[in-house]
>>> print(open('model25.csv').read())   # CSV, N, CA and C atoms
chain,number,residue,atom,x,y,z
A,485,MET,N,-15.3,24.3,74.8
A,485,MET,CA,-13.9,24.2,75.3
A,485,MET,C,-13.6,22.7,75.5
A,486,LYS,N,-12.5,22.3,75.1
A,486,LYS,CA,-12.1,20.9,75.2
A,486,LYS,C,-11.7,20.6,76.7
A,487,ASN,N,-12.2,19.4,77.1
A,487,ASN,CA,-11.8,19.0,78.5
A,487,ASN,C,-10.4,18.3,78.4
A,488,ALA,N,-9.7,18.5,79.6
A,488,ALA,CA,-8.4,17.8,79.7
A,488,ALA,C,-8.6,16.4,80.2
A,489,ALA,N,-7.7,15.6,80.0
A,489,ALA,CA,-7.7,14.2,80.5
A,489,ALA,C,-7.1,14.1,81.9
A,490,ILE,N,-7.5,13.2,82.7
A,490,ILE,CA,-6.9,12.9,84.0
A,490,ILE,C,-5.8,12.0,83.7
A,491,THR,N,-4.5,12.4,83.9
A,491,THR,CA,-3.4,11.5,83.6
A,491,THR,C,-2.7,10.9,84.8
A,492,GLU,N,-3.0,11.5,86.0
A,492,GLU,CA,-2.3,11.0,87.2
A,492,GLU,C,-3.2,9.9,87.9
A,493,HIS,N,-2.6,8.8,88.3
A,493,HIS,CA,-3.3,7.7,88.9
A,493,HIS,C,-3.9,8.1,90.3
A,494,HIS,N,-3.2,9.0,91.0
A,494,HIS,CA,-3.6,9.4,92.3
A,494,HIS,C,-4.9,10.1,92.3
A,495,LEU,N,-5.2,10.8,91.2
A,495,LEU,CA,-6.4,11.6,91.0
A,495,LEU,C,-7.6,10.6,90.8
A,496,TYR,N,-7.4,9.5,90.1
A,496,TYR,CA,-8.5,8.5,90.0
A,496,TYR,C,-8.8,8.0,91.3
A,497,ILE,N,-7.8,7.6,92.1
A,497,ILE,CA,-8.0,7.1,93.4
A,497,ILE,C,-8.7,8.1,94.3
A,498,LYS,N,-8.3,9.3,94.3
A,498,LYS,CA,-9.0,10.3,95.1
A,498,LYS,C,-10.4,10.5,94.7
A,499,ALA,N,-10.7,10.5,93.4
A,499,ALA,CA,-12.1,10.7,92.9
A,499,ALA,C,-12.9,9.5,93.4
A,500,PHE,N,-12.4,8.3,93.3
A,500,PHE,CA,-13.1,7.1,93.7
A,500,PHE,C,-13.4,7.1,95.2
A,501,GLN,N,-12.4,7.5,96.0
A,501,GLN,CA,-12.6,7.5,97.4
A,501,GLN,C,-13.4,8.6,98.0
A,502,LYS,N,-13.1,9.9,97.5
A,502,LYS,CA,-13.7,11.0,98.1
A,502,LYS,C,-14.8,11.7,97.3
A,503,GLY,N,-14.9,11.4,96.1
A,503,GLY,CA,-15.9,12.1,95.2
A,503,GLY,C,-17.3,11.6,95.4
A,504,GLU,N,-18.2,12.5,94.9
A,504,GLU,CA,-19.6,12.1,94.9
A,504,GLU,C,-19.8,11.0,93.9
A,505,ARG,N,-20.6,10.0,94.2
A,505,ARG,CA,-20.8,8.9,93.2
A,505,ARG,C,-22.3,8.9,92.8
A,506,PHE,N,-22.5,8.7,91.5
A,506,PHE,CA,-23.8,8.6,91.0
A,506,PHE,C,-23.8,7.3,90.1
A,507,VAL,N,-24.6,6.4,90.4
A,507,VAL,CA,-24.6,5.1,89.7
A,507,VAL,C,-25.8,4.9,88.8
A,508,GLY,N,-25.6,4.5,87.6
A,508,GLY,CA,-26.7,4.2,86.7
A,508,GLY,C,-26.5,2.7,86.2
A,509,ARG,N,-27.3,2.4,85.2
A,509,ARG,CA,-27.2,1.0,84.6
A,509,ARG,C,-25.9,0.8,83.9
A,510,CYS,N,-25.5,1.8,83.1
A,510,CYS,CA,-24.3,1.6,82.2
A,510,CYS,C,-23.1,2.2,82.7
A,511,VAL,N,-23.2,3.3,83.4
A,511,VAL,CA,-22.0,4.0,83.9
A,511,VAL,C,-22.2,4.5,85.3
A,512,SER,N,-21.1,4.6,86.0
A,512,SER,CA,-21.1,5.3,87.3
A,512,SER,C,-20.2,6.5,87.2
A,513,VAL,N,-20.6,7.6,87.8
A,513,VAL,CA,-19.9,8.9,87.7
A,513,VAL,C,-19.4,9.3,89.1
A,514,HIS,N,-18.1,9.6,89.1
A,514,HIS,CA,-17.5,10.1,90.4
A,514,HIS,C,-17.1,11.6,90.1
A,515,ILE,N,-17.5,12.5,90.9
A,515,ILE,CA,-17.2,13.9,90.7
A,515,ILE,C,-16.6,14.5,92.0
A,516,LEU,N,-15.5,15.2,91.8
A,516,LEU,CA,-14.7,15.8,92.8
A,516,LEU,C,-14.3,17.2,92.4
A,517,PRO,N,-14.3,18.2,93.3
A,517,PRO,CA,-13.8,19.5,92.9
A,517,PRO,C,-12.3,19.4,92.6
A,518,ASP,N,-11.9,20.0,91.5
A,518,ASP,CA,-10.5,20.0,91.1
A,518,ASP,C,-9.8,21.2,91.8
A,519,TYR,N,-8.9,20.8,92.7
A,519,TYR,CA,-8.2,21.9,93.5
A,519,TYR,C,-7.2,22.7,92.8
A,520,THR,N,-6.8,22.2,91.6
A,520,THR,CA,-5.9,23.0,90.7
A,520,THR,C,-6.6,23.7,89.6
A,521,ALA,N,-8.0,23.8,89.7
A,521,ALA,CA,-8.8,24.4,88.7
A,521,ALA,C,-8.4,25.9,88.5
A,522,LYS,N,-8.2,26.6,89.6
A,522,LYS,CA,-7.9,28.1,89.4
A,522,LYS,C,-6.6,28.3,88.8
A,523,LYS,N,-5.6,27.5,89.2
A,523,LYS,CA,-4.3,27.6,88.5
A,523,LYS,C,-4.3,27.2,87.1
A,524,ARG,N,-5.1,26.2,86.7
A,524,ARG,CA,-5.3,25.8,85.3
A,524,ARG,C,-6.0,26.9,84.5
A,525,MET,N,-7.0,27.6,85.2
A,525,MET,CA,-7.8,28.6,84.5
A,525,MET,C,-6.9,29.8,84.2
A,526,LEU,N,-6.0,30.2,85.1
A,526,LEU,CA,-5.1,31.3,84.9
A,526,LEU,C,-4.1,31.0,83.8
A,527,ALA,N,-3.7,29.7,83.6
A,527,ALA,CA,-2.8,29.3,82.6
A,527,ALA,C,-3.4,29.2,81.2
A,528,ASN,N,-4.8,29.1,81.2
A,528,ASN,CA,-5.5,28.9,80.0
A,528,ASN,C,-5.6,30.3,79.3
A,529,PRO,N,-5.3,30.3,78.0
A,529,PRO,CA,-5.3,31.6,77.3
A,529,PRO,C,-6.7,32.2,77.2
A,530,MET,N,-7.8,31.4,77.3
A,530,MET,CA,-9.2,31.9,77.3
A,530,MET,C,-9.7,32.3,78.6
A,531,LYS,N,-8.9,32.0,79.7
A,531,LYS,CA,-9.3,32.3,81.1
A,531,LYS,C,-10.6,31.7,81.5
A,532,VAL,N,-10.9,30.4,81.2
A,532,VAL,CA,-12.1,29.8,81.6
A,532,VAL,C,-11.7,28.5,82.3
A,533,TYR,N,-12.6,28.1,83.2
A,533,TYR,CA,-12.4,26.9,84.0
A,533,TYR,C,-12.7,25.7,83.1
A,534,THR,N,-12.0,24.6,83.2
A,534,THR,CA,-12.2,23.4,82.4
A,534,THR,C,-12.3,22.2,83.4
A,535,ASN,N,-12.9,21.2,82.9
A,535,ASN,CA,-13.0,19.9,83.6
A,535,ASN,C,-11.8,19.0,83.2
A,536,ARG,N,-11.5,18.1,84.1
A,536,ARG,CA,-10.6,17.0,83.7
A,536,ARG,C,-11.5,15.7,83.8
A,537,ILE,N,-11.5,15.0,82.7
A,537,ILE,CA,-12.3,13.8,82.5
A,537,ILE,C,-11.4,12.6,82.5
A,538,GLY,N,-11.8,11.6,83.2
A,538,GLY,CA,-11.2,10.3,83.2
A,538,GLY,C,-12.2,9.2,82.9
A,539,LEU,N,-11.7,8.2,82.2
A,539,LEU,CA,-12.6,7.0,81.9
A,539,LEU,C,-11.9,5.8,82.5
A,540,SER,N,-12.8,5.0,83.1
A,540,SER,CA,-12.3,3.7,83.7
A,540,SER,C,-13.1,2.6,83.2
A,541,VAL,N,-12.5,1.7,82.5
A,541,VAL,CA,-13.2,0.5,82.0
A,541,VAL,C,-12.4,-0.7,82.4
A,542,THR,N,-13.0,-1.6,83.2
A,542,THR,CA,-12.2,-2.7,83.7
A,542,THR,C,-12.4,-4.0,82.9
A,543,LYS,N,-11.6,-5.0,83.2
A,543,LYS,CA,-11.7,-6.3,82.4
A,543,LYS,C,-13.0,-7.0,82.6
A,544,LYS,N,-13.8,-6.6,83.6
A,544,LYS,CA,-15.1,-7.2,83.7
A,544,LYS,C,-16.0,-6.9,82.5
A,545,ILE,N,-15.7,-5.9,81.8
A,545,ILE,CA,-16.5,-5.5,80.6
A,545,ILE,C,-16.3,-6.6,79.5
A,546,GLY,N,-15.1,-7.1,79.4
A,546,GLY,CA,-14.8,-8.1,78.3
A,546,GLY,C,-13.4,-7.9,77.8
A,547,CYS,N,-13.2,-8.4,76.6
A,547,CYS,CA,-11.8,-8.3,75.9
A,547,CYS,C,-11.5,-6.9,75.6
A,548,ALA,N,-10.3,-6.7,75.0
A,548,ALA,CA,-9.9,-5.3,74.7
A,548,ALA,C,-10.8,-4.6,73.7
A,549,VAL,N,-11.3,-5.4,72.7
A,549,VAL,CA,-12.2,-4.8,71.7
A,549,VAL,C,-13.4,-4.2,72.4
A,550,LYS,N,-14.0,-4.9,73.3
A,550,LYS,CA,-15.2,-4.5,74.0
A,550,LYS,C,-14.9,-3.3,74.9
A,551,ARG,N,-13.7,-3.3,75.6
A,551,ARG,CA,-13.4,-2.2,76.4
A,551,ARG,C,-13.1,-0.9,75.6
A,552,ASN,N,-12.5,-1.1,74.5
A,552,ASN,CA,-12.3,0.1,73.6
A,552,ASN,C,-13.6,0.7,73.1
A,553,ARG,N,-14.5,-0.2,72.7
A,553,ARG,CA,-15.8,0.2,72.3
A,553,ARG,C,-16.6,0.9,73.4
A,554,ALA,N,-16.5,0.4,74.6
A,554,ALA,CA,-17.1,1.1,75.7
A,554,ALA,C,-16.5,2.5,75.9
A,555,LYS,N,-15.2,2.6,75.8
A,555,LYS,CA,-14.6,4.0,76.0
A,555,LYS,C,-15.1,4.9,74.8
A,556,ARG,N,-15.2,4.4,73.6
A,556,ARG,CA,-15.6,5.2,72.5
A,556,ARG,C,-17.0,5.7,72.7
A,557,ILE,N,-17.9,4.8,73.1
A,557,ILE,CA,-19.3,5.3,73.2
A,557,ILE,C,-19.5,6.2,74.4
A,558,ILE,N,-18.7,6.0,75.5
A,558,ILE,CA,-18.8,7.0,76.6
A,558,ILE,C,-18.3,8.3,76.1
A,559,ARG,N,-17.2,8.4,75.4
A,559,ARG,CA,-16.7,9.7,74.9
A,559,ARG,C,-17.7,10.3,74.0
A,560,ALA,N,-18.3,9.5,73.1
A,560,ALA,CA,-19.3,10.1,72.2
A,560,ALA,C,-20.5,10.6,72.9
A,561,GLY,N,-21.0,9.8,73.9
A,561,GLY,CA,-22.1,10.3,74.7
A,561,GLY,C,-21.8,11.6,75.5
A,562,LEU,N,-20.6,11.7,76.0
A,562,LEU,CA,-20.2,12.9,76.7
A,562,LEU,C,-20.2,14.1,75.8
A,563,HIS,N,-19.6,13.8,74.6
A,563,HIS,CA,-19.5,14.9,73.6
A,563,HIS,C,-20.9,15.4,73.1
A,564,GLU,N,-21.8,14.4,72.9
A,564,GLU,CA,-23.2,14.8,72.6
A,564,GLU,C,-23.9,15.6,73.7
A,565,LEU,N,-23.6,15.2,74.9
A,565,LEU,CA,-24.2,15.9,76.1
A,565,LEU,C,-23.7,17.3,76.1
A,566,GLU,N,-22.4,17.5,75.9
A,566,GLU,CA,-21.8,18.9,76.0
A,566,GLU,C,-22.3,19.8,74.9
A,567,LYS,N,-22.7,19.3,73.8
A,567,LYS,CA,-23.3,20.1,72.7
A,567,LYS,C,-24.5,20.9,73.2
A,568,GLY,N,-25.4,20.2,74.0
A,568,GLY,CA,-26.7,20.8,74.3
A,568,GLY,C,-26.7,21.5,75.7
A,569,VAL,N,-25.9,21.1,76.6
A,569,VAL,CA,-26.0,21.7,77.9
A,569,VAL,C,-24.6,22.1,78.4
A,570,SER,N,-24.6,22.8,79.5
A,570,SER,CA,-23.3,23.2,80.1
A,570,SER,C,-23.0,22.3,81.3
A,571,LEU,N,-21.8,21.7,81.3
A,571,LEU,CA,-21.4,20.9,82.5
A,571,LEU,C,-20.8,21.7,83.6
A,572,LYS,N,-20.9,21.2,84.8
A,572,LYS,CA,-20.2,21.9,85.9
A,572,LYS,C,-18.7,22.1,85.5
A,573,LYS,N,-18.1,23.2,85.9
A,573,LYS,CA,-16.7,23.5,85.5
A,573,LYS,C,-15.9,23.4,86.7
A,574,GLY,N,-14.6,23.1,86.5
A,574,GLY,CA,-13.6,23.0,87.6
A,574,GLY,C,-13.7,21.7,88.4
A,575,LYS,N,-14.1,20.6,87.7
A,575,LYS,CA,-14.3,19.4,88.4
A,575,LYS,C,-13.4,18.3,87.8
A,576,LEU,N,-13.1,17.3,88.7
A,576,LEU,CA,-12.6,16.0,88.2
A,576,LEU,C,-13.8,15.1,88.0
A,577,ILE,N,-14.0,14.6,86.8
A,577,ILE,CA,-15.1,13.7,86.5
A,577,ILE,C,-14.5,12.4,86.0
A,578,VAL,N,-14.8,11.3,86.8
A,578,VAL,CA,-14.3,10.0,86.4
A,578,VAL,C,-15.6,9.2,86.0
A,579,ILE,N,-15.6,8.7,84.8
A,579,ILE,CA,-16.8,7.9,84.4
A,579,ILE,C,-16.3,6.4,84.2
A,580,SER,N,-17.0,5.6,85.0
A,580,SER,CA,-16.6,4.2,85.0
A,580,SER,C,-17.7,3.4,84.2
A,581,ALA,N,-17.3,2.5,83.4
A,581,ALA,CA,-18.2,1.6,82.7
A,581,ALA,C,-18.7,0.5,83.6
A,582,ARG,N,-19.9,0.1,83.4
A,582,ARG,CA,-20.5,-1.0,84.2
A,582,ARG,C,-20.8,-2.1,83.2
A,583,PRO,N,-20.9,-3.4,83.6
A,583,PRO,CA,-21.1,-4.5,82.7
A,583,PRO,C,-22.3,-4.4,81.8
A,584,ASP,N,-23.3,-3.6,82.1
A,584,ASP,CA,-24.5,-3.5,81.3
A,584,ASP,C,-24.3,-2.6,80.1
A,585,ILE,N,-23.1,-2.0,79.9
A,585,ILE,CA,-22.8,-1.1,78.8
A,585,ILE,C,-22.7,-1.8,77.5
A,586,GLU,N,-22.5,-3.1,77.5
A,586,GLU,CA,-22.5,-3.9,76.3
A,586,GLU,C,-23.8,-3.8,75.5
A,587,GLY,N,-23.7,-3.5,74.2
A,587,GLY,CA,-24.8,-3.3,73.4
A,587,GLY,C,-25.5,-2.0,73.4
A,588,ARG,N,-25.0,-1.1,74.2
A,588,ARG,CA,-25.6,0.3,74.3
A,588,ARG,C,-25.0,1.2,73.2
A,589,THR,N,-25.7,2.3,73.0
A,589,THR,CA,-25.3,3.3,72.0
A,589,THR,C,-24.9,4.6,72.8
A,590,SER,N,-24.3,5.5,72.0
A,590,SER,CA,-23.8,6.7,72.6
A,590,SER,C,-25.1,7.5,73.1
A,591,GLU,N,-26.2,7.4,72.4
A,591,GLU,CA,-27.4,8.1,72.8
A,591,GLU,C,-27.9,7.6,74.2
A,592,ASP,N,-27.8,6.3,74.4
A,592,ASP,CA,-28.2,5.7,75.7
A,592,ASP,C,-27.3,6.3,76.8
A,593,ILE,N,-26.0,6.4,76.5
A,593,ILE,CA,-25.0,6.9,77.5
A,593,ILE,C,-25.3,8.4,77.7
A,594,ARG,N,-25.6,9.2,76.7
A,594,ARG,CA,-25.9,10.6,76.8
A,594,ARG,C,-27.1,10.8,77.7
A,595,LYS,N,-28.2,10.0,77.5
A,595,LYS,CA,-29.3,10.1,78.4
A,595,LYS,C,-29.0,9.8,79.8
A,596,GLU,N,-28.2,8.8,80.0
A,596,GLU,CA,-27.8,8.4,81.4
A,596,GLU,C,-26.9,9.4,82.1
A,597,LEU,N,-26.0,10.0,81.3
A,597,LEU,CA,-25.2,11.1,81.9
A,597,LEU,C,-26.0,12.3,82.1
A,598,ALA,N,-27.0,12.6,81.3
A,598,ALA,CA,-27.8,13.8,81.5
A,598,ALA,C,-28.6,13.7,82.8
A,599,SER,N,-28.9,12.5,83.2
A,599,SER,CA,-29.7,12.3,84.5
A,599,SER,C,-28.8,12.3,85.7
A,600,ARG,N,-27.5,12.3,85.5
A,600,ARG,CA,-26.5,12.4,86.6
A,600,ARG,C,-26.3,13.9,86.9
A,601,HIS,N,-25.6,14.2,88.0
A,601,HIS,CA,-25.5,15.5,88.5
A,601,HIS,C,-24.2,16.2,88.0
A,602,ILE,N,-23.9,16.1,86.7
A,602,ILE,CA,-22.8,16.8,86.1
A,602,ILE,C,-23.2,18.0,85.3
A,603,ILE,N,-24.5,18.2,85.2
A,603,ILE,CA,-25.0,19.3,84.4
A,603,ILE,C,-25.1,20.5,85.4
A,604,ASP,N,-24.7,21.7,84.9
A,604,ASP,CA,-24.7,22.9,85.7
A,604,ASP,C,-26.1,23.5,85.4
A,605,HIS,N,-27.0,23.4,86.4
A,605,HIS,CA,-28.4,23.9,86.3
A,605,HIS,C,-28.5,25.4,86.5
A,606,LYS,N,-27.4,26.1,86.9
A,606,LYS,CA,-27.4,27.5,87.1
A,606,LYS,C,-27.4,28.2,85.7
A,607,VAL,N,-26.8,27.6,84.7
A,607,VAL,CA,-26.7,28.1,83.4
A,607,VAL,C,-28.0,27.8,82.7
A,608,LYS,N,-28.6,28.7,81.9
A,608,LYS,CA,-29.8,28.5,81.2
A,608,LYS,C,-29.6,27.4,80.2
A,609,GLN,N,-30.4,26.3,80.3
A,609,GLN,CA,-30.3,25.1,79.5
A,609,GLN,C,-31.1,25.2,78.2
A,610,GLU,N,-30.5,24.7,77.1
A,610,GLU,CA,-31.3,24.6,75.9
A,610,GLU,C,-32.2,23.3,76.1
A,611,LYS,N,-33.3,23.2,75.4
A,611,LYS,CA,-34.1,22.0,75.4
A,611,LYS,C,-33.4,20.9,74.8
A,612,MET,N,-33.3,19.8,75.5
A,612,MET,CA,-32.6,18.6,75.0
A,612,MET,C,-33.7,17.7,74.3
A,613,VAL,N,-33.4,17.2,73.2
A,613,VAL,CA,-34.3,16.4,72.4
A,613,VAL,C,-34.1,14.9,72.8
>>> encode(input="model25.csv", output="structure tokens")
Amino acid sequence: MKNAAITEHHLYIKAFQKGERFVGRCVSVHILPDYTAKKRMLANPMKVYTNRIGLSVTKKIGCAVKRNRAKRIIRAGLHELEKGVSLKKGKLIVISARPDIEGRTSEDIRKELASRHIIDHKVKQEKMV
């Protein structure tokens, strides 16, 4: 199931201030329960909970080209992670790039996101390579 994007600025602020924070070398992850998840699930034709994902890449990373590359590899790493495991559902997940992301690949990001607490361990996991 495709994740929705966080489009409202106040949700980024709320996730940064009140969400659980997990910091790694390349990314930091902020997770907050989505209080509109049930409403969004009922509106969804498949009747499943979805996450809302937001990316935050600051000018500390570099010029626009480097920031866009950072966003691309974060999205690719998250997509690779979702193929093999189930993520927690009904959450606001904000992924922020850190300055060490330069020169990393989507595989590095996938490994780092896998070590963060966004994986739902209640669901039987496939073996990750």
>>> select_by_dssp(input="model25.csv", residues="chain A", states="alpha helix (DSSP H)", output="PyMOL selection string")
chain A and resi 493-502+521-527+548-568+590-599
>>> residues_around(input="model25.csv", residues="segment 509-518 of chain A", least_positions_apart="4", cutoff="6 Å", atoms="only C-alpha atoms", output="list in words")
Ala499, Gly503, Glu504, Arg505, Gly574, Lys575, Leu576, Ile577, Val578, Ile579, Ser580, Ala581, Arg582, Asp584 and Ile585 of chain A
>>> closest_residue(input="model25.csv", among="A:Gly561, A:Lys573, A:Arg594, A:Glu586", to="Tyr533 of chain A", atoms="all atoms listed in the file")
A:Lys573
>>> select_by_dssp(input="model25.csv", residues="chain A", states="strand (DSSP E or B)", output="count of residues only")
27
>>> closest_atom_pairs(input="model25.csv", of="segment 510-611 of chain A", to="segment 488-494 of chain A", cutoff="7 Å", atoms="only C-alpha atoms", output="tab-separated table")
residue	atom	partner	partner_atom	distance
A:Asn535	CA	A:Ala488	CA	6.4
A:Arg536	CA	A:Ala488	CA	4.6
A:Ile537	CA	A:Ala489	CA	5.0
A:Gly538	CA	A:Ile490	CA	5.1
>>> atom_distance(input="model25.csv", atom1="atom CA of Thr534 of chain A", atom2="atom CA of Asn552 of chain A")
24.9 Å
>>> closest_residue(input="model25.csv", among="A:Gly568, A:Glu596, A:Leu539, A:Thr589", to="Lys555 of chain A", atoms="all atoms listed in the file")
A:Leu539
>>> closest_residue(input="model25.csv", among="A:Lys498, A:Lys572, A:Arg588, A:Arg524", to="Ile557 of chain A", atoms="all atoms listed in the file")
A:Arg588
>>> closest_residue(input="model25.csv", among="A:Val532, A:Pro583, A:Ala560, A:Leu526", to="Gly546 of chain A", atoms="all atoms listed in the file")
A:Pro583
>>> build_atoms(input="model25.csv", residues="segment 541-550 of chain A", atoms="all heavy atoms", output="PDB file, keeping the file's coordinate frame")
ATOM      1  N   VAL A 541     -12.500   1.700  82.500  1.00  0.00           N
ATOM      2  CA  VAL A 541     -13.200   0.500  82.000  1.00  0.00           C
ATOM      3  C   VAL A 541     -12.400  -0.700  82.400  1.00  0.00           C
ATOM      4  O   VAL A 541     -11.215  -0.892  82.015  1.00  0.00           O
ATOM      5  CB  VAL A 541     -13.291   0.554  80.436  1.00  0.00           C
ATOM      6  CG1 VAL A 541     -14.046  -0.651  79.906  1.00  0.00           C
ATOM      7  CG2 VAL A 541     -13.997   1.836  80.017  1.00  0.00           C
ATOM      8  N   THR A 542     -13.000  -1.600  83.200  1.00  0.00           N
ATOM      9  CA  THR A 542     -12.200  -2.700  83.700  1.00  0.00           C
ATOM     10  C   THR A 542     -12.400  -4.000  82.900  1.00  0.00           C
ATOM     11  O   THR A 542     -13.167  -4.000  81.907  1.00  0.00           O
ATOM     12  CB  THR A 542     -12.785  -3.102  85.146  1.00  0.00           C
ATOM     13  OG1 THR A 542     -14.145  -3.514  85.015  1.00  0.00           O
ATOM     14  CG2 THR A 542     -12.700  -1.916  86.078  1.00  0.00           C
ATOM     15  N   LYS A 543     -11.600  -5.000  83.200  1.00  0.00           N
ATOM     16  CA  LYS A 543     -11.700  -6.300  82.400  1.00  0.00           C
ATOM     17  C   LYS A 543     -13.000  -7.000  82.600  1.00  0.00           C
ATOM     18  O   LYS A 543     -13.283  -7.950  81.893  1.00  0.00           O
ATOM     19  CB  LYS A 543     -10.526  -7.161  82.822  1.00  0.00           C
ATOM     20  CG  LYS A 543      -9.203  -6.669  82.293  1.00  0.00           C
ATOM     21  CD  LYS A 543      -8.112  -7.667  82.547  1.00  0.00           C
ATOM     22  CE  LYS A 543      -6.800  -7.201  81.943  1.00  0.00           C
ATOM     23  NZ  LYS A 543      -5.733  -8.188  82.141  1.00  0.00           N
ATOM     24  N   LYS A 544     -13.800  -6.600  83.600  1.00  0.00           N
ATOM     25  CA  LYS A 544     -15.100  -7.200  83.700  1.00  0.00           C
ATOM     26  C   LYS A 544     -16.000  -6.900  82.500  1.00  0.00           C
ATOM     27  O   LYS A 544     -16.961  -7.670  82.248  1.00  0.00           O
ATOM     28  CB  LYS A 544     -15.859  -6.594  84.960  1.00  0.00           C
ATOM     29  CG  LYS A 544     -15.271  -7.001  86.271  1.00  0.00           C
ATOM     30  CD  LYS A 544     -16.041  -6.350  87.399  1.00  0.00           C
ATOM     31  CE  LYS A 544     -15.420  -6.639  88.730  1.00  0.00           C
ATOM     32  NZ  LYS A 544     -16.128  -5.949  89.823  1.00  0.00           N
ATOM     33  N   ILE A 545     -15.700  -5.900  81.800  1.00  0.00           N
ATOM     34  CA  ILE A 545     -16.500  -5.500  80.600  1.00  0.00           C
ATOM     35  C   ILE A 545     -16.300  -6.600  79.500  1.00  0.00           C
ATOM     36  O   ILE A 545     -17.149  -6.889  78.708  1.00  0.00           O
ATOM     37  CB  ILE A 545     -16.123  -4.130  80.077  1.00  0.00           C
ATOM     38  CG1 ILE A 545     -16.338  -3.102  81.187  1.00  0.00           C
ATOM     39  CG2 ILE A 545     -16.902  -3.751  78.839  1.00  0.00           C
ATOM     40  CD1 ILE A 545     -17.734  -3.035  81.733  1.00  0.00           C
ATOM     41  N   GLY A 546     -15.100  -7.100  79.400  1.00  0.00           N
ATOM     42  CA  GLY A 546     -14.800  -8.100  78.300  1.00  0.00           C
ATOM     43  C   GLY A 546     -13.400  -7.900  77.800  1.00  0.00           C
ATOM     44  O   GLY A 546     -12.492  -7.293  78.428  1.00  0.00           O
ATOM     45  N   CYS A 547     -13.200  -8.400  76.600  1.00  0.00           N
ATOM     46  CA  CYS A 547     -11.800  -8.300  75.900  1.00  0.00           C
ATOM     47  C   CYS A 547     -11.500  -6.900  75.600  1.00  0.00           C
ATOM     48  O   CYS A 547     -12.339  -5.980  75.720  1.00  0.00           O
ATOM     49  CB  CYS A 547     -11.790  -9.251  74.741  1.00  0.00           C
ATOM     50  SG  CYS A 547     -12.933  -8.771  73.433  1.00  0.00           S
ATOM     51  N   ALA A 548     -10.300  -6.700  75.000  1.00  0.00           N
ATOM     52  CA  ALA A 548      -9.900  -5.300  74.700  1.00  0.00           C
ATOM     53  C   ALA A 548     -10.800  -4.600  73.700  1.00  0.00           C
ATOM     54  O   ALA A 548     -10.986  -3.416  73.774  1.00  0.00           O
ATOM     55  CB  ALA A 548      -8.429  -5.383  74.170  1.00  0.00           C
ATOM     56  N   VAL A 549     -11.300  -5.400  72.700  1.00  0.00           N
ATOM     57  CA  VAL A 549     -12.200  -4.800  71.700  1.00  0.00           C
ATOM     58  C   VAL A 549     -13.400  -4.200  72.400  1.00  0.00           C
ATOM     59  O   VAL A 549     -13.862  -3.093  72.102  1.00  0.00           O
ATOM     60  CB  VAL A 549     -12.553  -5.843  70.670  1.00  0.00           C
ATOM     61  CG1 VAL A 549     -13.577  -5.293  69.705  1.00  0.00           C
ATOM     62  CG2 VAL A 549     -11.318  -6.319  69.938  1.00  0.00           C
ATOM     63  N   LYS A 550     -14.000  -4.900  73.300  1.00  0.00           N
ATOM     64  CA  LYS A 550     -15.200  -4.500  74.000  1.00  0.00           C
ATOM     65  C   LYS A 550     -14.900  -3.300  74.900  1.00  0.00           C
ATOM     66  O   LYS A 550     -15.718  -2.373  75.041  1.00  0.00           O
ATOM     67  CB  LYS A 550     -15.839  -5.622  74.817  1.00  0.00           C
ATOM     68  CG  LYS A 550     -16.432  -6.703  73.937  1.00  0.00           C
ATOM     69  CD  LYS A 550     -17.032  -7.807  74.758  1.00  0.00           C
ATOM     70  CE  LYS A 550     -17.587  -8.911  73.858  1.00  0.00           C
ATOM     71  NZ  LYS A 550     -18.125 -10.024  74.633  1.00  0.00           N
TER      72      LYS A 550
END
